[in-house]
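Student: So I've got this file, upload.cif, and it contains mmCIF, C-alpha atoms and all ligand atoms:
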```cif
data_data
loop_
_atom_site.label_atom_id
_atom_site.label_comp_id
_atom_site.auth_asym_id
_atom_site.auth_seq_id
_atom_site.Cartn_x
_atom_site.Cartn_y
_atom_site.Cartn_z
CA MET Y 519 56.98 -113.84 181.53
CA SER Y 520 57.27 -116.34 184.29
CA ARG Y 521 60.50 -117.59 182.67
CA LYS Y 522 61.83 -114.06 182.40
CA VAL Y 523 61.42 -113.33 186.11
CA ARG Y 524 62.90 -116.73 187.03
CA GLU Y 525 65.94 -116.16 184.82
CA GLY Y 526 66.27 -112.64 186.20
CA PHE Y 527 66.27 -114.04 189.73
CA VAL Y 528 69.01 -116.52 188.87
CA GLU Y 529 71.09 -113.78 187.26
CA VAL Y 530 70.79 -111.42 190.23
CA TYR Y 531 70.93 -113.88 193.14
CA GLY Y 532 72.77 -116.88 191.66
CA ALA Y 533 70.18 -119.53 192.58
CA GLU Y 534 66.69 -120.69 191.55
CA PRO Y 535 63.80 -118.92 193.35
CA GLU Y 536 61.54 -120.97 195.63
CA GLY Y 537 58.56 -119.84 193.55
CA VAL Y 538 56.99 -117.28 191.22
CA TRP Y 539 53.82 -115.31 191.98
CA ALA Y 540 51.70 -113.07 189.77
CA ALA Y 541 49.37 -110.18 190.65
CA PRO Y 542 47.41 -108.18 188.07
CA GLY Y 543 46.78 -104.52 187.43
CA ARG Y 544 43.15 -103.43 187.15
CA VAL Y 545 40.68 -101.04 185.64
CA ASN Y 546 37.68 -99.86 187.60
CA LEU Y 547 34.38 -100.11 185.75
CA ILE Y 548 32.64 -97.61 188.05
CA GLY Y 549 32.92 -96.34 191.64
CA GLU Y 550 35.84 -93.88 191.54
CA HIS Y 551 37.34 -92.28 194.66
CA THR Y 552 34.57 -93.99 196.65
CA ASP Y 553 36.92 -96.48 198.32
CA TYR Y 554 38.24 -94.06 200.95
CA ASN Y 555 34.66 -92.99 201.63
CA ASP Y 556 33.54 -96.50 202.70
CA GLY Y 557 31.66 -96.77 199.38
CA PHE Y 558 31.27 -99.21 196.51
CA VAL Y 559 33.63 -100.07 193.63
CA MET Y 560 33.59 -102.44 190.64
CA PRO Y 561 37.10 -103.25 189.40
CA LEU Y 562 38.22 -106.00 187.05
CA ALA Y 563 41.70 -107.48 186.78
CA LEU Y 564 43.72 -106.98 183.59
CA PRO Y 565 45.87 -109.63 181.91
CA HIS Y 566 48.81 -107.30 182.68
CA THR Y 567 50.65 -108.62 185.73
CA VAL Y 568 53.53 -108.05 188.08
CA HIS Y 569 55.61 -111.21 188.52
CA ALA Y 570 57.63 -111.78 191.66
CA ALA Y 571 60.23 -114.54 191.96
CA VAL Y 572 60.96 -114.97 195.65
CA SER Y 573 63.08 -117.05 198.05
CA ARG Y 574 63.22 -116.90 201.83
CA ARG Y 575 66.29 -115.82 203.80
CA ASP Y 576 66.93 -116.42 207.49
CA ASP Y 577 69.37 -113.58 208.21
CA GLY Y 578 67.01 -110.61 208.55
CA VAL Y 579 67.98 -109.22 205.13
CA LEU Y 580 65.68 -108.15 202.29
CA ARG Y 581 67.09 -107.90 198.78
CA LEU Y 582 65.00 -106.33 196.01
CA HIS Y 583 65.60 -106.07 192.30
CA SER Y 584 63.35 -105.10 189.39
CA ALA Y 585 64.01 -105.97 185.75
CA ASP Y 586 62.07 -102.81 184.88
CA VAL Y 587 64.26 -100.36 186.81
CA PRO Y 588 67.96 -99.92 185.99
CA GLY Y 589 70.38 -100.43 188.86
CA ALA Y 590 71.67 -103.02 191.26
CA ALA Y 591 69.61 -104.83 193.89
CA TYR Y 592 68.64 -102.98 197.08
CA GLN Y 593 69.86 -104.65 200.24
CA LEU Y 594 67.97 -103.70 203.41
CA ARG Y 595 67.87 -104.93 206.99
CA LEU Y 596 64.36 -105.84 208.16
CA ASP Y 597 64.83 -104.26 211.58
CA GLU Y 598 65.88 -100.98 209.96
CA LEU Y 599 62.87 -100.56 207.65
CA THR Y 600 61.52 -97.06 208.33
CA PRO Y 601 58.29 -95.55 206.93
CA GLY Y 602 58.87 -92.70 204.51
CA ALA Y 603 62.62 -93.29 204.36
CA ASP Y 604 62.97 -94.51 200.76
CA GLY Y 605 61.25 -92.64 197.96
CA GLY Y 606 62.14 -95.16 195.26
CA TRP Y 607 60.27 -98.20 193.96
CA ALA Y 608 61.71 -100.41 196.71
CA ALA Y 609 59.41 -98.64 199.18
CA TYR Y 610 56.44 -100.70 197.90
CA PRO Y 611 57.81 -104.22 198.54
CA SER Y 612 59.74 -103.15 201.64
CA GLY Y 613 56.55 -101.51 202.90
CA VAL Y 614 54.83 -104.87 202.54
CA VAL Y 615 57.51 -106.60 204.62
CA TRP Y 616 57.27 -103.77 207.18
CA ALA Y 617 53.46 -104.09 207.36
CA LEU Y 618 53.64 -107.89 207.79
CA ARG Y 619 56.15 -107.47 210.62
CA GLU Y 620 54.10 -104.68 212.21
CA ALA Y 621 51.18 -107.14 212.24
CA GLY Y 622 53.40 -109.50 214.25
CA LEU Y 623 53.92 -111.96 211.41
CA PRO Y 624 57.28 -113.74 211.28
CA ILE Y 625 59.35 -112.84 208.19
CA GLY Y 626 63.00 -113.93 208.29
CA GLY Y 627 64.09 -112.15 205.12
CA ALA Y 628 63.71 -112.57 201.36
CA ASP Y 629 65.28 -112.22 197.94
CA VAL Y 630 62.81 -110.71 195.46
CA GLN Y 631 63.04 -110.28 191.70
CA ILE Y 632 60.28 -108.28 189.95
CA SER Y 633 59.27 -108.17 186.30
CA SER Y 634 56.04 -106.60 185.09
CA THR Y 635 53.76 -105.95 182.13
CA VAL Y 636 51.61 -103.39 184.00
CA PRO Y 637 52.37 -99.88 182.71
CA THR Y 638 53.48 -97.74 185.67
CA GLY Y 639 51.81 -94.49 186.64
CA ALA Y 640 49.08 -95.18 184.06
CA GLY Y 641 46.22 -95.48 186.53
CA LEU Y 642 46.22 -99.27 186.10
CA SER Y 643 47.55 -99.87 189.59
CA SER Y 644 51.03 -101.25 189.09
CA SER Y 645 51.81 -100.25 192.67
CA ALA Y 646 49.10 -102.47 194.20
CA ALA Y 647 50.06 -105.33 191.86
CA LEU Y 648 53.66 -105.00 193.07
CA GLU Y 649 52.54 -105.04 196.72
CA VAL Y 650 50.12 -107.94 196.32
CA ALA Y 651 52.59 -110.13 194.37
CA THR Y 652 55.17 -109.57 197.11
CA ALA Y 653 52.70 -110.14 199.95
CA LEU Y 654 51.23 -113.31 198.47
CA ALA Y 655 54.71 -114.76 197.92
CA LEU Y 656 55.72 -114.07 201.53
CA SER Y 657 52.37 -115.24 202.91
CA GLU Y 658 52.73 -118.58 201.15
CA LEU Y 659 56.47 -119.07 201.70
CA TYR Y 660 56.22 -118.21 205.41
CA GLU Y 661 52.86 -120.03 205.71
CA LEU Y 662 51.21 -116.98 207.26
CA GLY Y 663 47.70 -118.13 206.28
CA LEU Y 664 46.52 -114.62 205.37
CA SER Y 665 43.05 -114.36 203.83
CA ARG Y 666 42.92 -112.30 200.64
CA PRO Y 667 41.14 -109.34 202.28
CA TRP Y 668 43.63 -109.34 205.15
CA LEU Y 669 46.50 -109.49 202.69
CA ALA Y 670 44.98 -106.56 200.77
CA ARG Y 671 44.65 -104.56 204.02
CA LEU Y 672 48.32 -105.10 204.84
CA CYS Y 673 49.30 -103.98 201.32
CA GLN Y 674 47.15 -100.86 201.72
CA ARG Y 675 48.87 -100.20 205.04
CA ALA Y 676 52.24 -100.49 203.26
CA GLU Y 677 51.18 -97.90 200.68
CA ASN Y 678 49.48 -95.57 203.20
CA ASP Y 679 51.96 -95.64 206.06
CA PHE Y 680 55.27 -96.74 204.51
CA VAL Y 681 55.16 -95.23 201.00
CA GLY Y 682 53.01 -92.31 202.18
CA MET Y 683 50.22 -92.51 199.57
CA PRO Y 684 46.78 -92.25 201.21
CA CYS Y 685 45.00 -94.63 198.79
CA GLY Y 686 41.83 -96.56 199.56
CA ILE Y 687 41.50 -100.35 199.51
CA MET Y 688 40.20 -100.89 195.96
CA ASP Y 689 43.43 -101.52 194.09
CA GLN Y 690 44.82 -104.05 196.52
CA MET Y 691 41.48 -105.87 196.79
CA ALA Y 692 41.14 -105.92 193.00
CA SER Y 693 44.59 -107.42 192.51
CA ALA Y 694 44.08 -109.95 195.32
CA CYS Y 695 40.44 -110.96 194.76
CA CYS Y 696 39.33 -110.49 191.14
CA THR Y 697 38.56 -113.60 189.10
CA GLU Y 698 38.60 -114.31 185.38
CA GLY Y 699 35.42 -113.33 183.52
CA HIS Y 700 34.05 -111.21 186.39
CA VAL Y 701 33.96 -107.72 187.82
CA LEU Y 702 34.30 -107.50 191.57
CA HIS Y 703 31.42 -105.71 193.31
CA LEU Y 704 33.05 -104.64 196.56
CA ASP Y 705 31.71 -102.89 199.63
CA THR Y 706 34.84 -101.12 200.87
CA ARG Y 707 33.39 -100.66 204.37
CA ASP Y 708 33.23 -104.32 205.36
CA LEU Y 709 34.98 -105.84 202.32
CA THR Y 710 31.98 -108.02 201.45
CA GLN Y 711 32.20 -108.87 197.79
CA ARG Y 712 30.37 -110.44 194.90
CA GLN Y 713 31.86 -111.73 191.67
CA VAL Y 714 29.60 -110.43 188.89
CA PRO Y 715 29.85 -112.26 185.52
CA PHE Y 716 31.16 -109.85 182.89
CA ASP Y 717 31.37 -111.46 179.47
CA LEU Y 718 31.18 -108.58 177.01
CA SER Y 719 32.13 -110.62 173.95
CA ALA Y 720 29.08 -112.89 174.43
CA GLU Y 721 26.98 -109.76 173.90
CA GLY Y 722 28.96 -108.43 170.95
CA LEU Y 723 30.57 -105.73 173.10
CA ARG Y 724 34.12 -104.71 173.92
CA MET Y 725 35.82 -102.57 176.51
CA LEU Y 726 38.89 -100.62 175.48
CA VAL Y 727 41.49 -99.18 177.79
CA VAL Y 728 43.19 -96.03 176.54
CA ASP Y 729 46.39 -95.20 178.38
CA THR Y 730 46.94 -91.48 177.69
CA ARG Y 731 50.57 -91.91 178.79
CA VAL Y 732 50.16 -88.78 180.89
CA LYS Y 733 51.77 -89.89 184.16
CA HIS Y 734 49.82 -89.08 187.28
CA THR Y 735 52.83 -89.29 189.59
CA LEU Y 736 53.01 -85.57 190.29
CA ALA Y 737 49.42 -85.56 191.46
CA ASP Y 738 49.81 -87.37 194.79
CA GLY Y 739 49.29 -84.10 196.67
CA ALA Y 740 46.06 -83.47 194.77
CA TYR Y 741 44.83 -86.98 195.64
CA ALA Y 742 45.50 -86.36 199.32
CA GLY Y 743 43.68 -83.03 198.99
CA ARG Y 744 40.54 -84.72 197.61
CA ARG Y 745 40.67 -87.20 200.41
CA ARG Y 746 40.83 -84.40 202.98
CA ALA Y 747 37.92 -82.60 201.28
CA CYS Y 748 35.81 -85.77 201.51
CA GLU Y 749 36.65 -86.10 205.20
CA ALA Y 750 35.77 -82.45 205.80
CA GLY Y 751 32.43 -83.07 204.06
CA ALA Y 752 31.68 -86.11 206.21
CA ARG Y 753 32.57 -84.18 209.38
CA ALA Y 754 30.34 -81.24 208.44
CA LEU Y 755 27.47 -83.61 207.69
CA GLU Y 756 28.13 -85.55 210.90
CA VAL Y 757 28.40 -88.94 209.24
CA ALA Y 758 31.16 -91.55 209.66
CA ALA Y 759 31.86 -91.45 205.92
CA LEU Y 760 30.22 -89.99 202.80
CA ARG Y 761 28.89 -93.46 202.04
CA ASP Y 762 26.35 -92.75 204.78
CA VAL Y 763 24.72 -89.92 202.82
CA ALA Y 764 21.84 -91.52 200.92
CA HIS Y 765 21.30 -90.42 197.33
CA GLU Y 766 17.67 -89.54 198.10
CA GLU Y 767 18.92 -87.06 200.70
CA LEU Y 768 21.57 -85.45 198.54
CA ASP Y 769 19.83 -82.08 198.05
CA ALA Y 770 19.04 -81.76 201.75
CA ALA Y 771 22.60 -82.77 202.64
CA LEU Y 772 24.07 -80.17 200.27
CA ALA Y 773 21.85 -77.47 201.76
CA ARG Y 774 23.06 -78.47 205.25
CA LEU Y 775 26.63 -78.47 204.03
CA ASP Y 776 26.30 -74.99 202.49
CA ALA Y 777 24.96 -73.65 205.77
CA ARG Y 778 27.92 -75.01 207.72
CA LEU Y 779 30.82 -74.82 205.33
CA ASP Y 780 31.05 -72.44 202.41
CA ASP Y 781 33.51 -74.48 200.39
CA PRO Y 782 32.73 -75.26 196.74
CA GLU Y 783 35.52 -77.87 196.58
CA VAL Y 784 34.06 -79.88 199.46
CA ARG Y 785 30.56 -79.49 197.99
CA GLY Y 786 31.71 -80.91 194.64
CA CYS Y 787 33.43 -83.82 196.35
CA VAL Y 788 30.33 -84.68 198.38
CA ARG Y 789 28.14 -84.53 195.27
CA HIS Y 790 30.49 -86.79 193.34
CA ILE Y 791 30.81 -89.45 196.03
CA VAL Y 792 27.08 -89.65 196.71
CA THR Y 793 26.12 -89.79 193.02
CA GLU Y 794 28.98 -92.19 192.23
CA ASN Y 795 27.80 -94.71 194.82
CA ARG Y 796 24.39 -94.51 193.16
CA ARG Y 797 26.01 -95.15 189.77
CA VAL Y 798 27.56 -98.35 191.12
CA GLU Y 799 24.07 -99.48 192.24
CA GLU Y 800 22.67 -98.62 188.81
CA THR Y 801 25.44 -100.52 187.06
CA ILE Y 802 24.88 -103.63 189.17
CA ALA Y 803 21.14 -103.49 188.50
CA LEU Y 804 21.73 -103.14 184.75
CA LEU Y 805 24.22 -106.02 184.64
CA ASP Y 806 21.90 -108.24 186.67
CA ALA Y 807 19.08 -107.40 184.24
CA GLY Y 808 21.27 -108.22 181.23
CA GLU Y 809 21.14 -104.60 180.04
CA THR Y 810 24.85 -104.19 179.55
CA ARG Y 811 24.57 -101.61 176.76
CA ALA Y 812 22.80 -99.22 179.11
CA VAL Y 813 25.86 -99.24 181.40
CA GLY Y 814 27.52 -96.97 178.82
CA ALA Y 815 25.46 -93.93 179.80
CA VAL Y 816 26.26 -94.53 183.47
CA LEU Y 817 29.99 -94.56 182.71
CA THR Y 818 29.72 -91.30 180.79
CA ALA Y 819 27.78 -89.67 183.64
CA GLY Y 820 30.52 -90.87 185.99
CA HIS Y 821 33.12 -89.12 183.88
CA ALA Y 822 31.19 -85.85 183.90
CA SER Y 823 31.01 -86.06 187.69
CA LEU Y 824 34.76 -86.71 188.04
CA ARG Y 825 35.48 -83.85 185.64
CA ASP Y 826 33.06 -81.21 186.93
CA ASP Y 827 32.37 -82.07 190.58
CA PHE Y 828 35.44 -83.97 191.76
CA ARG Y 829 37.79 -82.23 189.30
CA VAL Y 830 40.37 -84.99 188.80
CA SER Y 831 40.20 -85.33 185.00
CA CYS Y 832 42.59 -83.65 182.56
CA GLU Y 833 42.59 -82.48 178.94
CA GLU Y 834 43.78 -85.82 177.55
CA LEU Y 835 41.25 -87.92 179.51
CA ASP Y 836 38.43 -85.61 178.40
CA LEU Y 837 39.67 -85.91 174.83
CA VAL Y 838 39.47 -89.72 174.96
CA VAL Y 839 35.93 -89.59 176.32
CA ASP Y 840 34.64 -86.91 173.93
CA THR Y 841 36.27 -88.49 170.86
CA ALA Y 842 35.12 -92.02 171.71
CA LEU Y 843 31.52 -90.86 172.25
CA ALA Y 844 31.54 -88.86 169.00
CA ALA Y 845 32.84 -91.97 167.20
CA GLY Y 846 29.91 -94.05 168.45
CA ALA Y 847 30.98 -95.47 171.84
CA LEU Y 848 28.20 -96.52 174.24
CA GLY Y 849 30.01 -94.83 177.10
CA ALA Y 850 33.43 -93.78 178.32
CA ARG Y 851 35.13 -92.44 181.42
CA MET Y 852 38.47 -91.95 183.09
CA THR Y 853 39.43 -94.82 185.40
CA GLY Y 854 41.70 -94.79 188.44
CA GLY Y 855 42.72 -91.77 190.45
CA GLY Y 856 42.85 -89.31 187.54
CA PHE Y 857 45.13 -86.37 186.63
CA GLY Y 858 46.34 -88.51 183.71
CA GLY Y 859 46.46 -92.27 183.41
CA SER Y 860 43.81 -94.24 181.55
CA ALA Y 861 40.22 -94.11 180.34
CA ILE Y 862 37.84 -96.97 179.50
CA VAL Y 863 35.48 -97.10 176.54
CA LEU Y 864 32.46 -99.42 176.21
CA ALA Y 865 31.52 -100.06 172.59
CA GLU Y 866 29.90 -102.37 170.11
CA GLU Y 867 32.50 -104.83 168.88
CA ALA Y 868 32.04 -103.60 165.29
CA GLN Y 869 32.80 -100.01 166.35
CA THR Y 870 35.96 -100.52 168.38
CA GLU Y 871 38.46 -100.21 165.57
CA LYS Y 872 36.91 -96.98 164.32
CA ILE Y 873 36.85 -95.57 167.86
CA ALA Y 874 40.48 -96.50 168.54
CA GLU Y 875 41.52 -94.83 165.29
CA ALA Y 876 39.50 -91.71 166.07
CA VAL Y 877 41.12 -91.39 169.50
CA THR Y 878 44.62 -91.89 168.11
CA SER Y 879 44.02 -89.27 165.37
CA ALA Y 880 42.60 -86.80 167.87
CA PHE Y 881 45.70 -87.18 170.06
CA GLU Y 882 47.95 -86.67 167.05
CA ALA Y 883 46.01 -83.58 165.97
CA GLY Y 884 46.19 -82.18 169.52
CA GLY Y 885 49.96 -82.71 169.72
CA HIS Y 886 49.70 -85.29 172.53
CA LEU Y 887 51.71 -88.47 173.01
CA VAL Y 888 50.45 -91.47 171.02
CA PRO Y 889 48.02 -93.24 173.39
CA GLN Y 890 48.25 -96.96 174.11
CA VAL Y 891 44.96 -98.73 173.32
CA PHE Y 892 44.15 -102.31 174.33
CA GLU Y 893 41.15 -104.45 175.20
CA ALA Y 894 40.18 -105.01 178.83
CA VAL Y 895 39.59 -108.73 179.29
CA PRO Y 896 38.51 -109.60 182.87
CA SER Y 897 41.40 -111.73 184.11
CA ALA Y 898 42.54 -113.72 187.14
CA GLY Y 899 43.60 -112.20 190.46
CA ALA Y 900 46.86 -112.89 192.29
CA ARG Y 901 48.17 -116.47 192.22
CA ARG Y 902 51.21 -118.70 192.41
CA LEU Y 903 52.47 -119.79 188.99
P1 LIG Y 1001 50.04 -96.88 189.31
O1 LIG Y 1001 49.78 -97.70 190.51
O2 LIG Y 1001 48.83 -96.21 188.78
O3 LIG Y 1001 50.78 -97.60 188.22
P2 LIG Y 1001 51.71 -95.47 191.18
O4 LIG Y 1001 52.38 -94.15 191.12
O5 LIG Y 1001 50.76 -95.72 192.28
O6 LIG Y 1001 51.01 -95.69 189.75
O7 LIG Y 1001 52.79 -96.61 191.22
C1 LIG Y 1001 53.85 -96.63 190.29
C2 LIG Y 1001 55.14 -96.93 191.02
O8 LIG Y 1001 55.16 -98.31 191.43
C3 LIG Y 1001 56.36 -96.78 190.15
O9 LIG Y 1001 56.79 -95.44 190.11
C4 LIG Y 1001 57.36 -97.69 190.87
O10 LIG Y 1001 57.89 -97.05 192.01
C5 LIG Y 1001 56.47 -98.82 191.35
N1 LIG Y 1001 56.47 -99.93 190.36
C6 LIG Y 1001 55.44 -100.34 189.60
N2 LIG Y 1001 55.81 -101.37 188.78
C7 LIG Y 1001 57.11 -101.60 189.04
C8 LIG Y 1001 58.08 -102.52 188.54
N3 LIG Y 1001 57.79 -103.40 187.60
N4 LIG Y 1001 59.33 -102.46 189.05
C9 LIG Y 1001 59.65 -101.57 190.00
N5 LIG Y 1001 58.78 -100.69 190.50
C10 LIG Y 1001 57.54 -100.68 190.05
MG MG Y 1002 49.10 -96.99 192.39
#
```
Mind turning the file's structure into structure tokens?
Ligand code: ADP
Ligand code: MG
Tutor:
Amino acid sequence: MSRKVREGFVEVYGAEPEGVWAAPGRVNLIGEHTDYNDGFVMPLALPHTVHAAVSRRDDGVLRLHSADVPGAAYQLRLDELTPGADGGWAAYPSGVVWALREAGLPIGGADVQISSTVPTGAGLSSSAALEVATALALSELYELGLSRPWLARLCQRAENDFVGMPCGIMDQMASACCTEGHVLHLDTRDLTQRQVPFDLSAEGLRMLVVDTRVKHTLADGAYAGRRRACEAGARALEVAALRDVAHEELDAALARLDARLDDPEVRGCVRHIVTENRRVEETIALLDAGETRAVGAVLTAGHASLRDDFRVSCEELDLVVDTALAAGALGARMTGGGFGGSAIVLAEEAQTEKIAEAVTSAFEAGGHLVPQVFEAVPSAGARRL
């Protein structure tokens, strides 16, 4: 892979790159849609990575090319980068350059070649991997000395303000900060983090990722809508963010909410966020106690909450979860923003083949696309190769 992106760079730009950087996609174990509510998340990095071969330029020009998208290289002037101007893939890396410059960091220009093994639009966060690979390359080449959390914040700013997608901080932090063999327990309010050992194979367990191949790209408006509903809930409850509603006070908070705002959508969102933060706590406690199998039920409860309260699942994601559970999985849930994308399945090692076959058959019987099934092995975060 690293060779491929290097050779691609030489082909497009006619010289060797100064270096090659890698940033992974992720799945989130638990803690979904909590990241823009100041809550808790638990992502792990996948072996699937975006590679960026990059060289500096000193003429204020940014050139961008991706081996995964047909077409010639984009050529842009740094001082003309405008938020919202370019709807294509180049908006992600140019947004990163824009965000670095907005933060007052000196970037003279760059040539960038991208090549990736992260499926796009599959809920595995190819967009954050693309941003983080680009940002880390520029940070190191221009010796900007950015900490990983700061780098992740600038990438989030690129996606929020330049691309126009109001995502939280989880994906960028996962790509920048995850480590091999661990899940990242992250407090998205202050970005404090803990690397939690996550070695399923030592316990005879496996985690499968099922990419339904239903693209979530058309759902950006729905994502923004959920975010607004969460903010409306926080305002009505007079808290800074839904993270501040304690699980013990959920019933009282919902009663207060009903009295002030008769909106079933907001009510469902509040319920999901408050119970989901609790599920992250439960998962951490179970992992710390070595009771990994019991995490399965928490995942399944998380899916029900995303399906019924937050309403971001879809037929195919529900089919993965229902089929996997019927075939003997310990737990399963959609992962990522929803409306398509991927689900994760926790299972005994001996059961995984049977479960994967059951899911594939169910998709065939239902007339859906053939899903992509692979194992989630907790892998390294962003790095120079
Ligand atoms: P996800 O992050 O879940 O994969 P998004 O819709 O957030 O889905 O991001 C996908 C977009 O990121 C793609 O449509 C494309 O614009 C960009 N992207 C991801 N990977 C690549 C790549 N290898 N080359 C070019 N653009 C990419
Ligand atoms: Mg994304």
Student: With all atoms listed in the file counted and 9 Å as the cut-off, give the residues of stretch 677-758 of chain Y in contact with stretch 617-638 of chain Y, each with its shortest interatomic distance in Å and the pair that gives it, as CSV.
Tutor:
```
residue,atom,partner,partner_atom,distance
Y:Asp679,CA,Y:Ala617,CA,8.7
Y:Phe680,CA,Y:Ala617,CA,8.1
Y:Asp729,CA,Y:Pro637,CA,8.7
Y:Lys733,CA,Y:Thr638,CA,8.2
```
Student: State, in Å with one decimal place, the distance from atom CA of Y:Val530 to atom O1 of ligand LIG 1001 (chain Y).
Tutor: 25.1 Å
Student: Would you compute the distance between atom CA of Y:Met560 and atom CA of Y:Ala540? Give it in Å to one decimal.
Tutor: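 Distance reported for this atom pair: 21.0 Å.
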Student: Looking at all atoms listed in the file, which of Y:Asp577, Y:Leu564, Y:Arg675, Y:Ala655 is the one that sits closest to Y:Leu903?
Tutor: Y:Ala655
Student: Which residue, Y:Gly589, Y:Gly846, Y:Gly682, Y:Gly532, has the smallest gap to ligand MG 1002 (chain Y) when you use only C-alpha atoms and all ligand atoms?
Tutor: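 Among Y:Gly589, Y:Gly846, Y:Gly682, Y:Gly532, it is Y:Gly682 that comes nearest to ligand MG 1002 (chain Y).
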Student: For ligand MG 1002 (chain Y), which of Y:Gly639, Y:Gly814, Y:Gly663, Y:Gly722 is the closest residue, counting all atoms listed in the file?
Tutor: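 Closest to ligand MG 1002 (chain Y), using all atoms listed in the file: Y:Gly639.
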Student: Measure the distance from atom CA of Y:Val614 to atom CA of Y:Glu649 in Å and round it to one decimal.
Tutor: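 Taking atom CA of Y:Val614 and atom CA of Y:Glu649, their separation equals 6.3 Å.
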Student: Using all atoms listed in the file, pick whichever of Y:Asp597, Y:Glu866, Y:Asp738, Y:Glu721 has the shortest atom-to-atom distance to ligand MG 1002 (chain Y).
Tutor: Y:Asp738
Student: Produce as a ChimeraX atom specification the set of residues near ligand LIG 1001 (chain Y), where near means within 7 Å with all atoms listed in the file considered.
Tutor: /Y:568,584-587,606-608,610,632-634,636-646,648,734-735
Student: Applying 12 Å and all atoms listed in the file, which residues near Y:Leu804 remain after dropping the ones on its own chain fewer than 5 positions away? List them as a PDB file with C-alpha atoms, in the frame of the given file.
Tutor:
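selection-v3.pdb, written as the output of this step:
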```pdb
ATOM      1  CA  VAL Y 714      29.600-110.430 188.890  1.00  0.00           C
ATOM      2  CA  PHE Y 716      31.160-109.850 182.890  1.00  0.00           C
ATOM      3  CA  ARG Y 797      26.010 -95.150 189.770  1.00  0.00           C
ATOM      4  CA  VAL Y 798      27.560 -98.350 191.120  1.00  0.00           C
ATOM      5  CA  GLU Y 799      24.070 -99.480 192.240  1.00  0.00           C
ATOM      6  CA  GLU Y 809      21.140-104.600 180.040  1.00  0.00           C
ATOM      7  CA  THR Y 810      24.850-104.190 179.550  1.00  0.00           C
ATOM      8  CA  ARG Y 811      24.570-101.610 176.760  1.00  0.00           C
ATOM      9  CA  ALA Y 812      22.800 -99.220 179.110  1.00  0.00           C
ATOM     10  CA  VAL Y 813      25.860 -99.240 181.400  1.00  0.00           C
ATOM     11  CA  GLY Y 814      27.520 -96.970 178.820  1.00  0.00           C
ATOM     12  CA  ALA Y 815      25.460 -93.930 179.800  1.00  0.00           C
ATOM     13  CA  VAL Y 816      26.260 -94.530 183.470  1.00  0.00           C
TER      14      VAL Y 816
END
```
Student: Which one of Y:Gly820, Y:Gln593, Y:Ala747, Y:Ala758 sits closest to Y:Arg785 if you count all atoms listed in the file?
Tutor: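 Nearest candidate to Y:Arg785 out of Y:Gly820, Y:Gln593, Y:Ala747, Y:Ala758: Y:Ala747.
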Student: What box, with edges along x, y and z, holds each listed atom of stretch 771-787 of chain Y when 4 Å is added on every side, and can you state its centre and edge lengths in Å to one decimal, as lines of an AutoDock Vina configuration file?
Tutor:
```
center_x = 28.7
center_y = -78.1
center_z = 201.2
size_x = 21.7
size_y = 19.4
size_z = 21.1
```
